[in-house]
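> After the structure tokens below, expect a handful of questions from me.
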Amino acid sequence: MAQFAQVLAEIGGFGRFQIQPLILLSVPNLIAALFTFAQVLVVLDKAHHCSVDWVKNHTLNLSAAEQLSLSVPLDADGNPESCLMFRPPPDSASLEDILSHFFSETQPCDADWDYPENKPLSLLNEFDLVCDRKHLKETSQSEFMAGLLVGSLIFGPICDWIGHKVLVQLLLFAVIGLSTAFMPTFELYTALRFAVATAVTGYASSNVTLLTEWIGPSWRIQAVFPARCAFSAAGQMVLAGLAYDIRNWRLFQIIGSAPVLLLFFYFWVLPESARWLLIWGRVEEAKQVIQKAAVNKQKLSPELLSQLDPEKKDPSGNALDLFWHPQLRKVTLILFCIWFVDSLVYFGMGLKVGDCVDIYLTQLVFGAVEVPARYSSIFMMQKLGRKWSQLGTLVLGGLMCIIILFIPADLPVVVTVLAIMGKFATAAGFTISYVYSAELFPTIIRQTGMGLVAIFSRIGGIITPLVILLEEYYAALPMIIYGSLPSAGLLCVLLPETRGQSRKDTIEDLEQGSHEGPRSQRPQKKKQMPQKSFQPKGVTAVSSTSDCNQTSAAGDLPKYSPGYGRDLTPVRCPISNTLR
């Protein structure tokens, strides 16, 4: 009997066969970034005032400036009020009374708004997202984040049934993305944004799962996450340039979504997951795909291939186990806080302070800073360990938000620089969260645990735009929240360090480990002769303790693996349900 992990070890865990799907599957991340952050750039504030019908229809023969002065009051700076108008005079009012501003009572705008700058069509001026409708901008973004959560819940089971070749998600990208450009109301636009968000996170789920099942354990994190992050960052930079050149939101939506139609050749060139085929008993199809993957090495052992048999799904623990055992409960609750705060501050920095100077330039820099942030997190985890890296990035991100509160409004460049530093810290913190969480959860419960912390991350994303609405009551309140909540990072002090530590296979391993001191302080056990385990000739054993073996992200794999010689089946990456 041979397992797929043995076959993967023989054909090579990373080579020409894996590089092709790695590049192809990273390309749609460009478009996913457009969907996620586009609304920041297509709902920009513009000068506006009430559109008053009675003064336009009245036969007064007045100029536009005179009409404005009769219908809209002025604010303290001498500009027309954005959301107030003079109450219309009765039909019996004389011309003298009207011209002398005798009717000076004000009321909220009762119909449409005028936009005197005559800028290109945007979501704001087409759907009047101003005054009492201003909150729709944030609630729409919140609904998009809710779509990411729903997509992560429904596409996991769907992809387990139909496979992981991402064709369904790409089709939804194209159809829903293009349809959004033709919506006649903002409510329909928001509904389609929710739908496309489910496709975005569904694509991320299949994307990571497919790649991690074809790439060997020692290469998974170094290959998959840098590529995904680089393309996602490039997508944010492309978004800034595209939005700067194309100010009409409908044309922008079409140009941003149409390139997906060019990717349907993926149906013929992307391999299906051989492990998924084996789980469903389609052994011959799996063998055909594996033979194509043998280009990494010139020869694949026919004996090993002939021994390939259907595989069983990996067992997982119950979600209640996360709260039943004291040490695991403490780890779970702290990770809930970390993922929630990570997401809240990450998206808060992007949505709240992205327009301090030039919004297009700021978004361009926000995208560019993602790449060094993600890669630097690997260096930090190597040198500082997971615990202190996680704590430091969270606290630094919150500290930048607090400092911004004390910067005068006439220094927008300083605010932008601080925001970029905060974005750098939170982006690095997100990467560390993936690695640290996967190392803290025992193998038996890892997939369930990572799924739950991902849900809390999505909840943080949903709440982020709603926090921005609080500035209506106190302008500094959103930044106070974004700055104070990361103090939850101090809870990392209560977590164990996992750098260089062996993975915990069972809950008992974690509970017992919590009562032991550091390795250097533990009593030395008597040396025992290693037990023999069966291993086919010429095959390298691969540990099953999760692809999610994110230890390799920091480049310091443990010197031994607890799964060696016991279970050669790779565990599917549970973090695939999470997108950034």
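Note on naming: chains are A, B, ... as they come in the structure tokens, residues start from 1 per chain, ligands start from 1 in the order shown.
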Using only C-alpha atoms, which protein or nucleic acid residues come within 7 Å of stretch 464-468 of chain A? Drop anything in the same chain fewer than 4 positions from it, and give the result as JSON, numbers by chain.

{"A": [138, 139, 141, 142, 344, 347, 348, 352, 460, 478]}

> Pick out the residues sitting within 6 Å of stretch 120-129 of chain A, and hand them over as a list in words; count only C-alpha atoms, and ignore anything fewer than 2 positions along from it in its own chain.

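Selected residues are Val42, Val43, Arg133, Lys134, Arg247, Asn248 and Trp249 of chain A.
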
> Got time to write the residues from that selection, N, CA, C and O atoms, as an mmCIF file, in the first residue's frame?


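The resulting again-v3.cif:
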```cif
data_model
loop_
_atom_site.group_PDB
_atom_site.id
_atom_site.type_symbol
_atom_site.label_atom_id
_atom_site.label_comp_id
_atom_site.auth_asym_id
_atom_site.auth_seq_id
_atom_site.Cartn_x
_atom_site.Cartn_y
_atom_site.Cartn_z
ATOM 1 N N VAL A 42 -13.808 54.330 -5.480
ATOM 2 C CA VAL A 42 -14.912 54.720 -6.373
ATOM 3 C C VAL A 42 -16.044 55.404 -5.621
ATOM 4 O O VAL A 42 -17.065 55.740 -6.214
ATOM 5 N N VAL A 43 -15.896 55.593 -4.316
ATOM 6 C CA VAL A 43 -16.884 56.351 -3.536
ATOM 7 C C VAL A 43 -16.134 57.464 -2.808
ATOM 8 O O VAL A 43 -16.035 57.478 -1.586
ATOM 9 N N ARG A 133 -27.761 59.225 3.449
ATOM 10 C CA ARG A 133 -27.394 57.987 2.765
ATOM 11 C C ARG A 133 -25.884 57.725 2.805
ATOM 12 O O ARG A 133 -25.401 56.768 2.212
ATOM 13 N N LYS A 134 -25.171 58.562 3.525
ATOM 14 C CA LYS A 134 -23.717 58.445 3.557
ATOM 15 C C LYS A 134 -23.259 57.127 4.175
ATOM 16 O O LYS A 134 -22.236 56.558 3.783
ATOM 17 N N ARG A 247 -12.167 57.078 -13.979
ATOM 18 C CA ARG A 247 -12.973 57.610 -12.882
ATOM 19 C C ARG A 247 -14.442 57.207 -12.966
ATOM 20 O O ARG A 247 -15.170 57.350 -11.993
ATOM 21 N N ASN A 248 -14.879 56.729 -14.141
ATOM 22 C CA ASN A 248 -16.257 56.249 -14.280
ATOM 23 C C ASN A 248 -16.360 54.860 -13.656
ATOM 24 O O ASN A 248 -15.716 53.910 -14.108
ATOM 25 N N TRP A 249 -17.156 54.724 -12.599
ATOM 26 C CA TRP A 249 -17.138 53.479 -11.842
ATOM 27 C C TRP A 249 -17.639 52.289 -12.635
ATOM 28 O O TRP A 249 -17.172 51.158 -12.437
#
```

> Could you pull the residues within 10 Å of A:Pro28, counting only C-alpha atoms, minus those fewer than 2 positions along the same chain, as a list in words?

Ile23, Leu24, Leu25, Ser26, Leu30, Ile31, Ala32, Ala33, Leu34, Leu170, Phe173, Val200, Tyr203, Ala204, Asn207, Arg228, Phe231, Ser232, Gly235, Pro259, Val260 and Leu263 of chain A

> How far is it from atom CA of A:Pro108 to atom CA of A:Pro89, in Å with one decimal?

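Atom CA of A:Pro89 lies 15.0 Å from atom CA of A:Pro108.
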
> For stretch 481-498 of chain A, list every protein, DNA or RNA residue within 9 Å, evaluated using only C-alpha atoms, and leave out those in the same chain fewer than 3 positions away; present the list as an MDAnalysis selection string.

chainID A and resid 330:331 334:335 337:338 341:342 344:345 348:349 385:388 390:403 436 439:440 464 467 476:478 501:503 514 551

> Write down as number ranges by chain the residues belonging to stretch 18-210 of chain A that are assigned alpha helix (DSSP H) by DSSP computed on the backbone.

A: 18-26, 28-42, 53-57, 64-71, 95-99, 123-127, 136-162, 167-180, 186-210

> Enter the distance from atom CA of A:Asn318 to atom CA of A:Glu213, in Å, rounded to one decimal.

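Going from atom CA of A:Asn318 over to atom CA of A:Glu213, I get 23.7 Å.
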
> Identify, on the basis of only C-alpha atoms, every residue whose closest approach to A:Phe14 does not exceed 8 Å; exclude the query and any residue fewer than 3 positions from it along the same chain; express the result as number ranges by chain.

A: 17-19, 215-216, 219, 296
